[in-house]
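Participant: One file is attached below, structure_12.txt, containing compact mmCIF, C-alpha atoms.
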```txt
# COMPACT_ATOMS: atom_id res chain seq x y z
CA MET B 241 116.13 66.09 69.59
CA THR B 242 115.84 69.22 67.53
CA ASN B 243 112.10 68.73 67.47
CA ILE B 244 111.82 68.62 71.22
CA LYS B 245 114.04 71.65 71.48
CA SER B 246 111.97 73.69 69.10
CA LYS B 247 108.75 72.63 70.83
CA LEU B 248 110.21 73.64 74.17
CA GLY B 249 111.32 76.86 72.59
CA TRP B 250 107.75 77.60 71.51
CA LYS B 251 106.39 76.87 74.95
CA LEU B 252 108.96 79.17 76.49
CA ALA B 253 108.16 81.84 73.97
CA THR B 254 104.45 81.76 74.78
CA ALA B 255 105.19 81.79 78.49
CA VAL B 256 107.42 84.82 78.07
CA LEU B 257 104.77 86.48 75.90
CA GLY B 258 102.16 85.80 78.57
CA ALA B 259 104.39 87.34 81.24
CA ALA B 260 104.99 90.36 79.04
CA VAL B 261 101.27 90.91 78.61
CA VAL B 262 100.68 90.67 82.34
CA ALA B 263 103.53 93.09 82.99
CA GLY B 264 102.03 95.38 80.37
CA SER B 265 98.63 95.49 82.06
CA PHE B 266 100.29 96.25 85.40
CA ALA B 267 102.17 99.12 83.81
CA ALA B 268 98.92 100.44 82.35
CA SER B 269 97.21 100.49 85.74
CA ALA B 270 100.25 102.24 87.24
CA VAL B 271 99.94 105.02 84.69
CA ALA B 272 96.30 105.56 85.57
CA LYS B 273 97.07 106.08 89.25
CA ASP B 274 96.79 109.58 90.66
CA TRP B 275 100.16 110.52 92.07
CA GLY B 276 99.10 113.93 93.35
CA LYS B 277 101.91 116.40 93.70
CA PHE B 278 104.47 113.80 92.65
CA GLN B 279 103.31 114.02 89.06
CA VAL B 280 103.35 117.14 86.90
CA GLU B 281 101.91 116.63 83.42
CA ASP B 282 103.73 113.50 82.20
CA ARG B 283 106.66 113.86 84.57
CA ARG B 284 106.75 111.62 87.63
CA SER B 285 109.10 111.88 90.57
CA GLY B 286 111.27 108.88 91.39
CA TYR B 287 109.05 108.62 94.46
CA THR B 288 106.30 107.10 92.34
CA TYR B 289 108.57 104.28 91.16
CA MET B 290 109.49 103.13 94.67
CA THR B 291 107.74 100.43 96.68
CA ASP B 292 105.20 101.42 99.34
CA GLU B 293 107.70 100.48 102.06
CA THR B 294 110.38 102.80 100.71
CA ARG B 295 107.83 105.58 100.30
CA ASP B 296 106.76 105.12 103.94
CA VAL B 297 110.33 105.66 105.09
CA GLN B 298 110.47 108.95 103.20
CA ASN B 299 107.02 110.08 104.34
CA ASP B 300 107.85 109.93 108.02
CA ASP B 301 110.32 112.68 108.83
CA PHE B 302 111.46 110.74 111.84
CA GLU B 303 111.97 107.41 110.15
CA ASN B 304 113.75 109.02 107.20
CA PRO B 305 117.46 108.41 107.84
CA GLY B 306 118.36 111.37 105.63
CA MET B 307 117.06 113.60 108.43
CA LEU B 308 120.15 112.70 110.46
CA TRP B 309 122.20 114.61 107.92
CA VAL B 310 119.69 117.46 107.93
CA GLU B 311 120.10 117.82 111.69
CA ASN B 312 123.85 117.69 111.34
CA GLY B 313 123.65 120.40 108.69
CA GLN B 314 121.56 122.54 110.99
CA SER B 315 124.27 122.47 113.65
CA LEU B 316 127.01 122.97 111.04
CA TRP B 317 125.20 126.08 109.84
CA SER B 318 126.25 127.95 112.96
CA THR B 319 129.67 126.27 113.30
CA LYS B 320 132.65 128.47 112.50
CA MET B 321 134.71 127.15 109.59
CA GLY B 322 137.94 128.64 108.33
CA SER B 323 140.27 131.48 109.24
CA ALA B 324 137.76 134.33 109.07
CA GLY B 325 135.99 133.03 112.17
CA LYS B 326 132.64 133.06 110.42
CA SER B 327 129.90 130.50 110.09
CA CYS B 328 127.16 130.26 107.47
CA ALA B 329 124.85 131.87 110.04
CA SER B 330 127.08 134.97 110.28
CA CYS B 331 125.58 136.17 106.99
CA HIS B 332 122.46 134.01 106.66
CA ALA B 333 121.19 134.09 110.23
CA ASP B 334 117.65 132.99 109.52
CA ALA B 335 118.31 130.00 107.29
CA ASP B 336 114.63 129.00 107.19
CA LYS B 337 113.86 132.32 105.50
CA ASP B 338 117.09 133.12 103.69
CA MET B 339 117.55 129.70 102.12
CA LYS B 340 113.93 129.17 101.12
CA GLY B 341 113.63 128.43 97.42
CA VAL B 342 117.39 128.24 96.91
CA ALA B 343 117.78 124.52 96.30
CA PRO B 344 115.12 124.19 93.54
CA SER B 345 116.69 127.08 91.57
CA TYR B 346 120.21 125.63 91.19
CA PRO B 347 122.37 125.19 89.06
CA LYS B 348 122.51 128.92 88.32
CA TYR B 349 124.55 130.98 85.89
CA ASN B 350 127.53 132.72 87.44
CA ALA B 351 128.61 135.73 85.37
CA LYS B 352 132.02 135.98 87.03
CA MET B 353 132.94 132.40 86.22
CA GLY B 354 131.15 132.56 82.89
CA LYS B 355 129.49 129.20 83.48
CA MET B 356 126.91 127.32 85.52
CA GLU B 357 127.35 126.72 89.21
CA THR B 358 125.80 123.96 91.30
CA LEU B 359 124.66 124.51 94.86
CA GLU B 360 127.67 122.58 96.16
CA GLN B 361 130.00 124.89 94.27
CA ARG B 362 128.06 127.91 95.52
CA ILE B 363 128.45 126.74 99.13
CA ASN B 364 132.14 126.09 98.58
CA ARG B 365 132.62 129.55 97.07
CA ASP B 366 131.33 131.14 100.28
CA ILE B 367 133.42 128.83 102.44
CA VAL B 368 136.62 129.64 100.54
CA GLU B 369 136.13 133.32 99.74
CA LYS B 370 134.20 134.62 102.74
CA MET B 371 134.98 132.19 105.53
CA GLY B 372 138.60 131.45 104.63
CA GLY B 373 138.04 127.73 104.83
CA LYS B 374 138.86 124.76 102.65
CA ALA B 375 136.47 123.70 99.93
CA LEU B 376 134.42 120.65 100.91
CA LYS B 377 134.26 117.56 98.78
CA PHE B 378 130.88 116.89 97.14
CA ASP B 379 130.20 113.68 99.02
CA SER B 380 131.86 114.58 102.31
CA LYS B 381 129.76 114.34 105.43
CA GLU B 382 129.84 118.12 105.90
CA MET B 383 128.79 118.95 102.35
CA LEU B 384 125.99 116.36 102.34
CA SER B 385 124.78 117.72 105.67
CA LEU B 386 124.69 121.30 104.41
CA MET B 387 123.11 120.22 101.12
CA THR B 388 120.34 118.19 102.74
CA TYR B 389 119.72 120.96 105.27
CA VAL B 390 119.42 123.67 102.62
CA GLY B 391 117.35 121.33 100.45
CA LYS B 392 114.98 120.44 103.28
CA ILE B 393 114.20 124.13 103.86
CA SER B 394 112.69 124.29 100.37
CA SER B 395 110.79 121.05 100.89
CA GLY B 396 107.76 120.83 98.61
CA MET B 397 108.67 123.87 96.49
CA PRO B 398 108.57 123.18 92.74
CA VAL B 399 111.81 122.71 90.82
CA ASN B 400 112.36 125.90 88.86
CA VAL B 401 115.68 126.38 87.09
CA LYS B 402 116.40 129.16 84.62
CA VAL B 403 117.45 127.74 81.28
CA ASP B 404 117.12 130.82 79.09
CA GLY B 405 119.40 133.83 78.66
CA PRO B 406 123.02 133.17 79.57
CA ALA B 407 122.18 129.62 80.71
CA ALA B 408 120.89 128.62 77.26
CA PRO B 409 124.19 127.40 75.73
CA PHE B 410 124.92 125.31 78.85
CA PHE B 411 121.43 123.90 78.76
CA ALA B 412 122.03 122.85 75.16
CA LYS B 413 125.29 121.16 76.14
CA GLY B 414 123.56 119.30 78.95
CA LYS B 415 120.84 118.16 76.58
CA ALA B 416 123.42 116.95 74.07
CA PHE B 417 125.12 114.95 76.85
CA TYR B 418 121.77 113.40 77.79
CA TYR B 419 121.12 112.09 74.29
CA GLN B 420 124.74 111.17 73.52
CA ARG B 421 125.29 107.42 73.45
CA ARG B 422 128.41 106.47 75.40
CA GLY B 423 130.38 103.60 76.86
CA GLN B 424 130.80 100.01 75.74
CA LEU B 425 127.07 99.46 76.04
CA ASP B 426 126.51 102.41 73.73
CA MET B 427 123.64 103.84 75.74
CA SER B 428 122.50 107.38 76.40
CA CYS B 429 120.67 108.60 79.50
CA ALA B 430 117.51 108.71 77.38
CA ASN B 431 117.66 105.00 76.48
CA CYS B 432 116.78 104.14 80.06
CA HIS B 433 115.19 107.17 81.63
CA GLU B 434 113.14 108.45 78.72
CA ASP B 435 112.33 105.27 76.80
CA ASN B 436 111.93 102.72 79.59
CA PRO B 437 110.94 104.16 82.97
CA GLY B 438 108.90 101.76 85.09
CA LYS B 439 110.56 98.68 83.60
CA LEU B 440 113.09 96.54 85.37
CA ILE B 441 116.80 96.81 84.71
CA ARG B 442 118.05 93.66 86.34
CA ALA B 443 116.48 93.92 89.83
CA ASN B 444 116.02 97.68 89.81
CA THR B 445 112.99 99.62 88.62
CA LEU B 446 114.01 102.34 86.22
CA SER B 447 112.72 105.78 87.06
CA GLU B 448 112.67 108.88 84.92
CA GLY B 449 115.92 109.93 86.53
CA GLN B 450 114.47 113.02 88.17
CA ILE B 451 116.75 114.78 90.63
CA ASN B 452 114.18 116.75 92.64
CA GLY B 453 114.97 114.70 95.76
CA PHE B 454 118.76 115.08 95.83
CA PRO B 455 120.88 114.65 97.86
CA THR B 456 118.92 111.44 98.15
CA TYR B 457 119.32 108.82 100.85
CA ARG B 458 119.93 105.75 98.77
CA LEU B 459 119.40 102.48 100.61
CA LYS B 460 122.12 100.88 98.50
CA TRP B 461 124.60 103.57 99.57
CA GLN B 462 123.32 103.58 103.15
CA LYS B 463 123.87 107.34 103.16
CA PRO B 464 122.88 110.37 101.13
CA GLY B 465 124.69 111.07 97.89
CA SER B 466 125.12 113.95 95.45
CA VAL B 467 123.64 114.15 91.97
CA HIS B 468 127.10 113.80 90.49
CA ARG B 469 127.71 110.58 92.41
CA ARG B 470 124.56 109.22 90.79
CA PHE B 471 125.72 110.41 87.34
CA LYS B 472 129.03 108.65 87.88
CA GLY B 473 127.23 105.44 88.83
CA CYS B 474 125.06 105.57 85.71
CA ASN B 475 128.07 106.24 83.49
CA LYS B 476 129.93 103.32 85.03
CA ASN B 477 126.91 101.06 84.48
CA VAL B 478 127.04 101.65 80.73
CA ARG B 479 130.80 101.00 80.90
CA ALA B 480 131.71 104.59 80.15
CA LYS B 481 134.47 106.50 81.87
CA PRO B 482 132.74 108.75 84.36
CA PHE B 483 133.56 112.42 84.64
CA LYS B 484 134.63 114.05 87.88
CA ARG B 485 132.22 115.47 90.41
CA GLY B 486 131.82 119.16 89.66
CA SER B 487 133.11 118.83 86.07
CA ASP B 488 131.53 121.15 83.50
CA GLU B 489 129.97 118.14 81.75
CA TYR B 490 128.09 117.05 84.86
CA VAL B 491 127.15 120.59 85.89
CA ASN B 492 125.54 121.18 82.49
CA LEU B 493 123.87 117.77 82.64
CA GLU B 494 122.55 118.56 86.11
CA LEU B 495 120.95 121.73 84.74
CA TYR B 496 119.28 119.82 81.94
CA VAL B 497 118.10 116.93 84.12
CA LYS B 498 116.79 119.33 86.74
CA TRP B 499 114.83 121.12 84.02
CA ARG B 500 113.30 117.80 82.96
CA GLY B 501 111.76 117.66 86.41
CA ARG B 502 110.43 121.21 86.33
CA GLY B 503 107.42 121.66 88.58
CA LEU B 504 108.10 118.54 90.65
CA PRO B 505 108.28 119.16 94.40
CA THR B 506 111.65 119.34 96.13
CA GLU B 507 111.84 116.15 98.22
CA THR B 508 115.27 116.48 99.83
CA PRO B 509 116.21 114.23 101.57
CA SER B 510 114.29 111.67 99.54
CA VAL B 511 114.67 107.93 100.08
CA ARG B 512 115.34 105.69 97.10
CA ASN B 513 116.50 102.14 96.69
CA MET C 29 130.39 109.09 118.28
CA ALA C 30 127.13 108.08 116.86
CA LYS C 31 124.30 110.54 116.73
CA ALA C 32 120.94 109.32 118.00
CA ARG C 33 117.41 110.60 117.51
CA VAL C 34 114.54 109.60 119.76
CA LYS C 35 110.87 110.40 119.40
CA ALA C 36 109.12 109.70 122.68
CA PRO C 37 106.12 111.59 124.10
CA LYS C 38 106.80 114.15 126.81
CA LYS C 39 103.31 113.90 128.29
CA ALA C 40 100.94 110.97 128.56
CA LYS C 41 98.11 109.63 130.71
CA ALA C 42 98.58 106.68 133.03
CA GLY C 43 97.60 103.48 131.21
CA ASP C 44 98.38 104.92 127.76
CA ILE C 45 100.37 102.77 125.37
CA VAL C 46 102.88 105.04 123.66
CA THR C 47 105.04 104.36 120.61
CA ILE C 48 108.70 105.22 120.82
CA LYS C 49 110.82 105.63 117.70
CA THR C 50 114.60 105.65 117.65
CA LEU C 51 117.22 106.16 114.97
CA ILE C 52 120.99 106.22 115.21
CA THR C 53 123.86 106.90 112.81
CA HIS C 54 126.12 103.90 112.62
CA LYS C 55 128.00 102.28 109.76
CA MET C 56 127.07 98.76 110.92
CA GLU C 57 130.13 97.45 109.10
CA SER C 58 129.21 93.88 108.19
CA GLY C 59 132.72 92.44 108.17
CA ARG C 60 132.19 91.13 104.66
CA ARG C 61 133.13 94.22 102.72
CA LYS C 62 136.60 94.62 101.33
CA ASN C 63 138.73 97.69 101.20
CA LYS C 64 138.68 98.53 97.49
CA LYS C 65 142.34 99.55 97.41
CA THR C 66 144.03 96.90 99.56
CA GLY C 67 141.57 94.05 99.03
CA LYS C 68 141.55 93.29 102.74
CA LEU C 69 138.37 92.66 104.72
CA ILE C 70 137.11 95.57 106.77
CA PRO C 71 136.63 94.23 110.30
CA ARG C 72 133.09 93.85 111.57
CA HIS C 73 131.81 96.70 113.67
CA ILE C 74 128.14 96.70 114.54
CA ILE C 75 125.83 97.68 117.36
CA ASP C 76 125.17 94.45 119.25
CA LYS C 77 122.81 95.51 121.99
CA PHE C 78 120.01 98.01 122.32
CA THR C 79 118.39 98.66 125.69
CA ALA C 80 115.51 100.91 126.69
CA LYS C 81 115.06 101.73 130.36
CA PHE C 82 112.48 103.63 132.34
CA ASN C 83 113.58 104.96 135.70
CA GLY C 84 116.56 102.61 135.52
CA GLU C 85 114.45 99.55 134.84
CA THR C 86 114.85 97.78 131.52
CA PHE C 87 111.53 97.40 129.69
CA PHE C 88 112.80 96.61 126.22
CA SER C 89 116.06 95.25 124.90
CA SER C 90 117.27 93.49 121.80
CA ASP C 91 120.42 91.79 120.59
CA TRP C 92 121.48 92.75 117.12
CA HIS C 93 123.49 90.58 114.77
CA GLY C 94 124.61 90.81 111.18
CA ALA C 95 122.32 91.97 108.36
CA VAL C 96 120.98 94.99 110.21
CA SER C 97 121.16 98.02 107.92
CA ALA C 98 123.35 101.06 108.49
CA ASN C 99 121.69 103.85 110.49
CA PRO C 100 119.24 101.42 112.13
CA TYR C 101 115.71 102.40 113.06
CA MET C 102 113.88 100.79 115.95
CA SER C 103 110.35 101.36 117.17
CA PHE C 104 108.51 99.79 120.09
CA SER C 105 105.75 100.61 122.58
CA TYR C 106 105.52 101.20 126.30
CA ARG C 107 102.63 101.30 128.78
CA VAL C 108 102.83 104.47 130.84
CA GLU C 109 102.26 104.25 134.57
CA LYS C 110 104.13 107.07 136.23
CA SER C 111 106.38 110.05 135.50
CA GLY C 112 110.05 109.43 135.00
CA GLU C 113 112.92 109.29 132.58
CA PHE C 114 113.53 107.14 129.55
CA GLU C 115 117.05 106.02 128.87
CA PHE C 116 118.10 104.51 125.56
CA ILE C 117 121.42 102.77 125.24
CA TRP C 118 123.11 101.57 122.09
CA HIS C 119 126.12 99.38 122.81
CA ASP C 120 128.51 98.55 119.99
CA GLU C 121 131.10 95.83 119.58
CA LYS C 122 133.99 98.13 120.46
CA GLY C 123 132.32 98.83 123.78
CA GLU C 124 131.26 102.30 122.80
CA GLU C 125 127.92 103.38 124.23
CA THR C 126 125.56 106.05 122.99
CA VAL C 127 123.04 107.13 125.57
CA LYS C 128 120.02 109.33 125.05
CA LYS C 129 117.58 110.40 127.76
CA THR C 130 114.10 111.90 127.57
CA LYS C 131 111.63 112.83 130.29
CA LEU C 132 108.01 111.78 130.54
CA THR C 133 105.37 113.43 132.71
CA VAL C 134 102.09 111.76 133.54
CA ALA C 135 99.34 114.33 133.19
```
Any chance you could put this one into structure tokens?

Facilitator:
Amino acid sequence: MTNIKSKLGWKLATAVLGAAVVAGSFAASAVAKDWGKFQVEDRRSGYTYMTDETRDVQNDDFENPGMLWVENGQSLWSTKMGSAGKSCASCHADADKDMKGVAPSYPKYNAKMGKMETLEQRINRDIVEKMGGKALKFDSKEMLSLMTYVGKISSGMPVNVKVDGPAAPFFAKGKAFYYQRRGQLDMSCANCHEDNPGKLIRANTLSEGQINGFPTYRLKWQKPGSVHRRFKGCNKNVRAKPFKRGSDEYVNLELYVKWRGRGLPTETPSVRN
Amino acid sequence: MAKARVKAPKKAKAGDIVTIKTLITHKMESGRRKNKKTGKLIPRHIIDKFTAKFNGETFFSSDWHGAVSANPYMSFSYRVEKSGEFEFIWHDEKGEETVKKTKLTVA
């Protein structure tokens, strides 16, 4: 009995080895592929890890369901919100010009607050202070619409966040978070996204965890989602207690992760699985 | 109310076969998801019928059932003969209808 078992074990082992070698050669050919603008040096956008079908959905501006939120954001831009009777367009009338290059440059350092600020928080600051409205939740329909709209305006522009000067200590904190093992599974962001991109984690292909396409329309979510929603999901997956959306921990991490994708094109609203 | 997008040509020649693309926001609630807090099933609520008409005459329609994704996309083709108006109708299980119209001129 034990003999048979061990023989079977050997057969299985060789089969697994064979599969691993095949997988390895596939991975090698994937590396050699020219990804054009979706690759900068050794950094590849999540786009390159998707299937052709998913990429097709993103490529066609009409088929891309994220564009529904972009259109909604466009009409929200000139909708009055709050007691001051102002809309976004009251100050930024020509959004196509005024908001160009904004999305790829956030999170930014805010001297008044003495810390980093994400684009969501920046939008909320205007809504509360200038328009007399109520702050929007990160993953509310309105916020996602405004975020995808502002992001789409900078479509194709390279990610370019400032990490020196006053942002440096926050960048360091974000980096520390990225390499900090956490949760019951004792895994850091780097264990998956730096060490194993391109490999399968259960049924999902791991990407490098680039956030150049956020808010991204995730097929699993069936709607767009914020970067912090994604962070929360990852933290839950390693059985760690997630932080809140907009918490300092996630804002600093967003800065660091965004910097990891420096030079990659802004793809908002990207489509991922 | 759902928000629909339609991409249909405004001008075409008689005899042309044109491709029409449509997209609509809809949750397409499957009826199998549970409310995380109460544990109760969320009742099914999907679009069950899509119709495309030209000058009031139906030229394409489809019945939708479960397992259609949220925010469904539909594309189909049409042979142009004369000028007129397209009408696209999404009918959902609660009887709500979203209608979108576009005009087509034969050049």

Participant: Just give me the residues with any atom within 6 Å of (134.6, 97.7, 110.1), file coordinates, counting all atoms listed in the file, written as a PyMOL selection string.

Facilitator: chain C and resi 57+59+70-73

Participant: Mind running chain B against chain C at 10 Å and telling me each contacting residue's nearest atom pair with the distance in Å (one decimal), counting all atoms listed in the file, chain and number ascending, as a Markdown table?

Facilitator:
```
| residue | atom | partner | partner_atom | distance |
| --- | --- | --- | --- | --- |
| B:Phe302 | CA | C:Lys35 | CA | 7.6 |
| B:Glu303 | CA | C:Tyr101 | CA | 6.9 |
| B:Asn304 | CA | C:Leu51 | CA | 9.0 |
| B:Pro305 | CA | C:Asn99 | CA | 6.8 |
| B:Gly306 | CA | C:Asn99 | CA | 9.6 |
| B:Met307 | CA | C:Arg33 | CA | 9.6 |
| B:Leu308 | CA | C:Thr53 | CA | 7.3 |
| B:Trp309 | CA | C:Thr53 | CA | 9.3 |
| B:Glu311 | CA | C:Arg33 | CA | 9.7 |
| B:Asn312 | CA | C:Lys31 | CA | 9.0 |
| B:Leu459 | CA | C:Ser97 | CA | 8.7 |
| B:Lys460 | CA | C:Ser97 | CA | 9.9 |
| B:Trp461 | CA | C:Ala98 | CA | 9.4 |
| B:Gln462 | CA | C:Ala98 | CA | 5.9 |
| B:Lys463 | CA | C:Ala98 | CA | 8.3 |
```

Participant: B:Val478, B:Val403, B:Lys374, B:Ile451: which is nearest Asn431 (chain B), counting only C-alpha atoms?

Facilitator: B:Val478

Participant: Please provide as a compact mmCIF listing (two decimals) with C-alpha atoms, in the frame of the given file all residues within 10 Å of Phe104 (chain C), with the sequence filter that same-chain residues fewer than 5 positions apart are discarded (counting all atoms listed in the file).

Facilitator:
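out23.txt was written with the following content:
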```
# COMPACT_ATOMS: atom_id res chain seq x y z
CA VAL C 46 102.88 105.04 123.66
CA THR C 47 105.04 104.36 120.61
CA ILE C 48 108.70 105.22 120.82
CA LYS C 49 110.82 105.63 117.70
CA THR C 50 114.60 105.65 117.65
CA ALA C 80 115.51 100.91 126.69
CA PHE C 88 112.80 96.61 126.22
```

Participant: Using all atoms listed in the file for the distances, tell me which of B:Lys355, B:Lys476, B:Lys277, B:Arg284 is nearest to Phe410 (chain B).

Facilitator: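 Closest candidate: B:Lys355.
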
Participant: Smallest atom-to-atom distance to Tyr389 (chain B): which of B:Pro437, B:Gly313, B:Gly449, B:Gly405, using all atoms listed in the file?

Facilitator: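 Result for the nearest residue to Tyr389 (chain B): B:Gly313.
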
Participant: Name the closest residue to Trp118 (chain C) among the candidates C:Lys65, C:Arg60, C:Lys39, C:Lys81; distances are taken between atoms, counting all atoms listed in the file.

Facilitator: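 Once distances to Trp118 (chain C) are computed over all atoms listed in the file, the minimum belongs to C:Lys81.
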
Participant: So, with all atoms listed in the file as the atoms that count, which of B:Pro347, B:Pro455, B:Gly354, B:Gly465 lies closest to Glu494 (chain B)?

Facilitator: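 Going through B:Pro347, B:Pro455, B:Gly354, B:Gly465 one by one, the smallest distance to Glu494 (chain B) is for B:Pro347.
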
Participant: With distances taken over only C-alpha atoms, which residue among B:Thr388, B:Asn436, B:Asn452, B:Ser394 lies nearest Gly503 (chain B)?

Facilitator: B:Asn452

Participant: Please determine the residues with any atom at most 10 Å from (117.4, 128.1, 98.4) (coordinates as given in the file, with only C-alpha atoms counting) and report them as a ChimeraX atom specification.

Facilitator: /B:335-346,359,390-395,397

Participant: CA of Gly123 (chain C) to CA of Thr79 (chain C): how many Å, to one decimal?

Facilitator: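 A separation of 14.1 Å between them.
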
Participant: Please list as an mmCIF file with C-alpha atoms, keeping the file's coordinate frame every residue within 12 Å of Ala412 (chain B), counting all atoms listed in the file and excluding residues in the same chain fewer than 3 positions away.

Facilitator:
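For reference, part-v4.cif as written:
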```cif
data_model
loop_
_atom_site.group_PDB
_atom_site.id
_atom_site.type_symbol
_atom_site.label_atom_id
_atom_site.label_comp_id
_atom_site.auth_asym_id
_atom_site.auth_seq_id
_atom_site.Cartn_x
_atom_site.Cartn_y
_atom_site.Cartn_z
ATOM 1 C CA VAL B 403 117.450 127.740 81.280
ATOM 2 C CA ASP B 404 117.120 130.820 79.090
ATOM 3 C CA GLY B 405 119.400 133.830 78.660
ATOM 4 C CA PRO B 406 123.020 133.170 79.570
ATOM 5 C CA ALA B 407 122.180 129.620 80.710
ATOM 6 C CA ALA B 408 120.890 128.620 77.260
ATOM 7 C CA PRO B 409 124.190 127.400 75.730
ATOM 8 C CA LYS B 415 120.840 118.160 76.580
ATOM 9 C CA ALA B 416 123.420 116.950 74.070
ATOM 10 C CA PHE B 417 125.120 114.950 76.850
ATOM 11 C CA TYR B 418 121.770 113.400 77.790
ATOM 12 C CA TYR B 419 121.120 112.090 74.290
ATOM 13 C CA GLU B 489 129.970 118.140 81.750
ATOM 14 C CA ASN B 492 125.540 121.180 82.490
ATOM 15 C CA LEU B 493 123.870 117.770 82.640
ATOM 16 C CA GLU B 494 122.550 118.560 86.110
ATOM 17 C CA LEU B 495 120.950 121.730 84.740
ATOM 18 C CA TYR B 496 119.280 119.820 81.940
ATOM 19 C CA VAL B 497 118.100 116.930 84.120
ATOM 20 C CA TRP B 499 114.830 121.120 84.020
#
```

Participant: Give me the residues within 7 Å of Thr130 (chain C) as a JSON list (two decimals) with C-alpha atoms, in the frame of the given file, counting only C-alpha atoms and dropping any in the same chain fewer than 2 places off.

Facilitator:
```json
[["chain", "number", "residue", "atom", "x", "y", "z"],
["C", 113, "GLU", "CA", 112.92, 109.29, 132.58],
["C", 114, "PHE", "CA", 113.53, 107.14, 129.55],
["C", 115, "GLU", "CA", 117.05, 106.02, 128.87],
["C", 128, "LYS", "CA", 120.02, 109.33, 125.05],
["C", 132, "LEU", "CA", 108.01, 111.78, 130.54]]
```
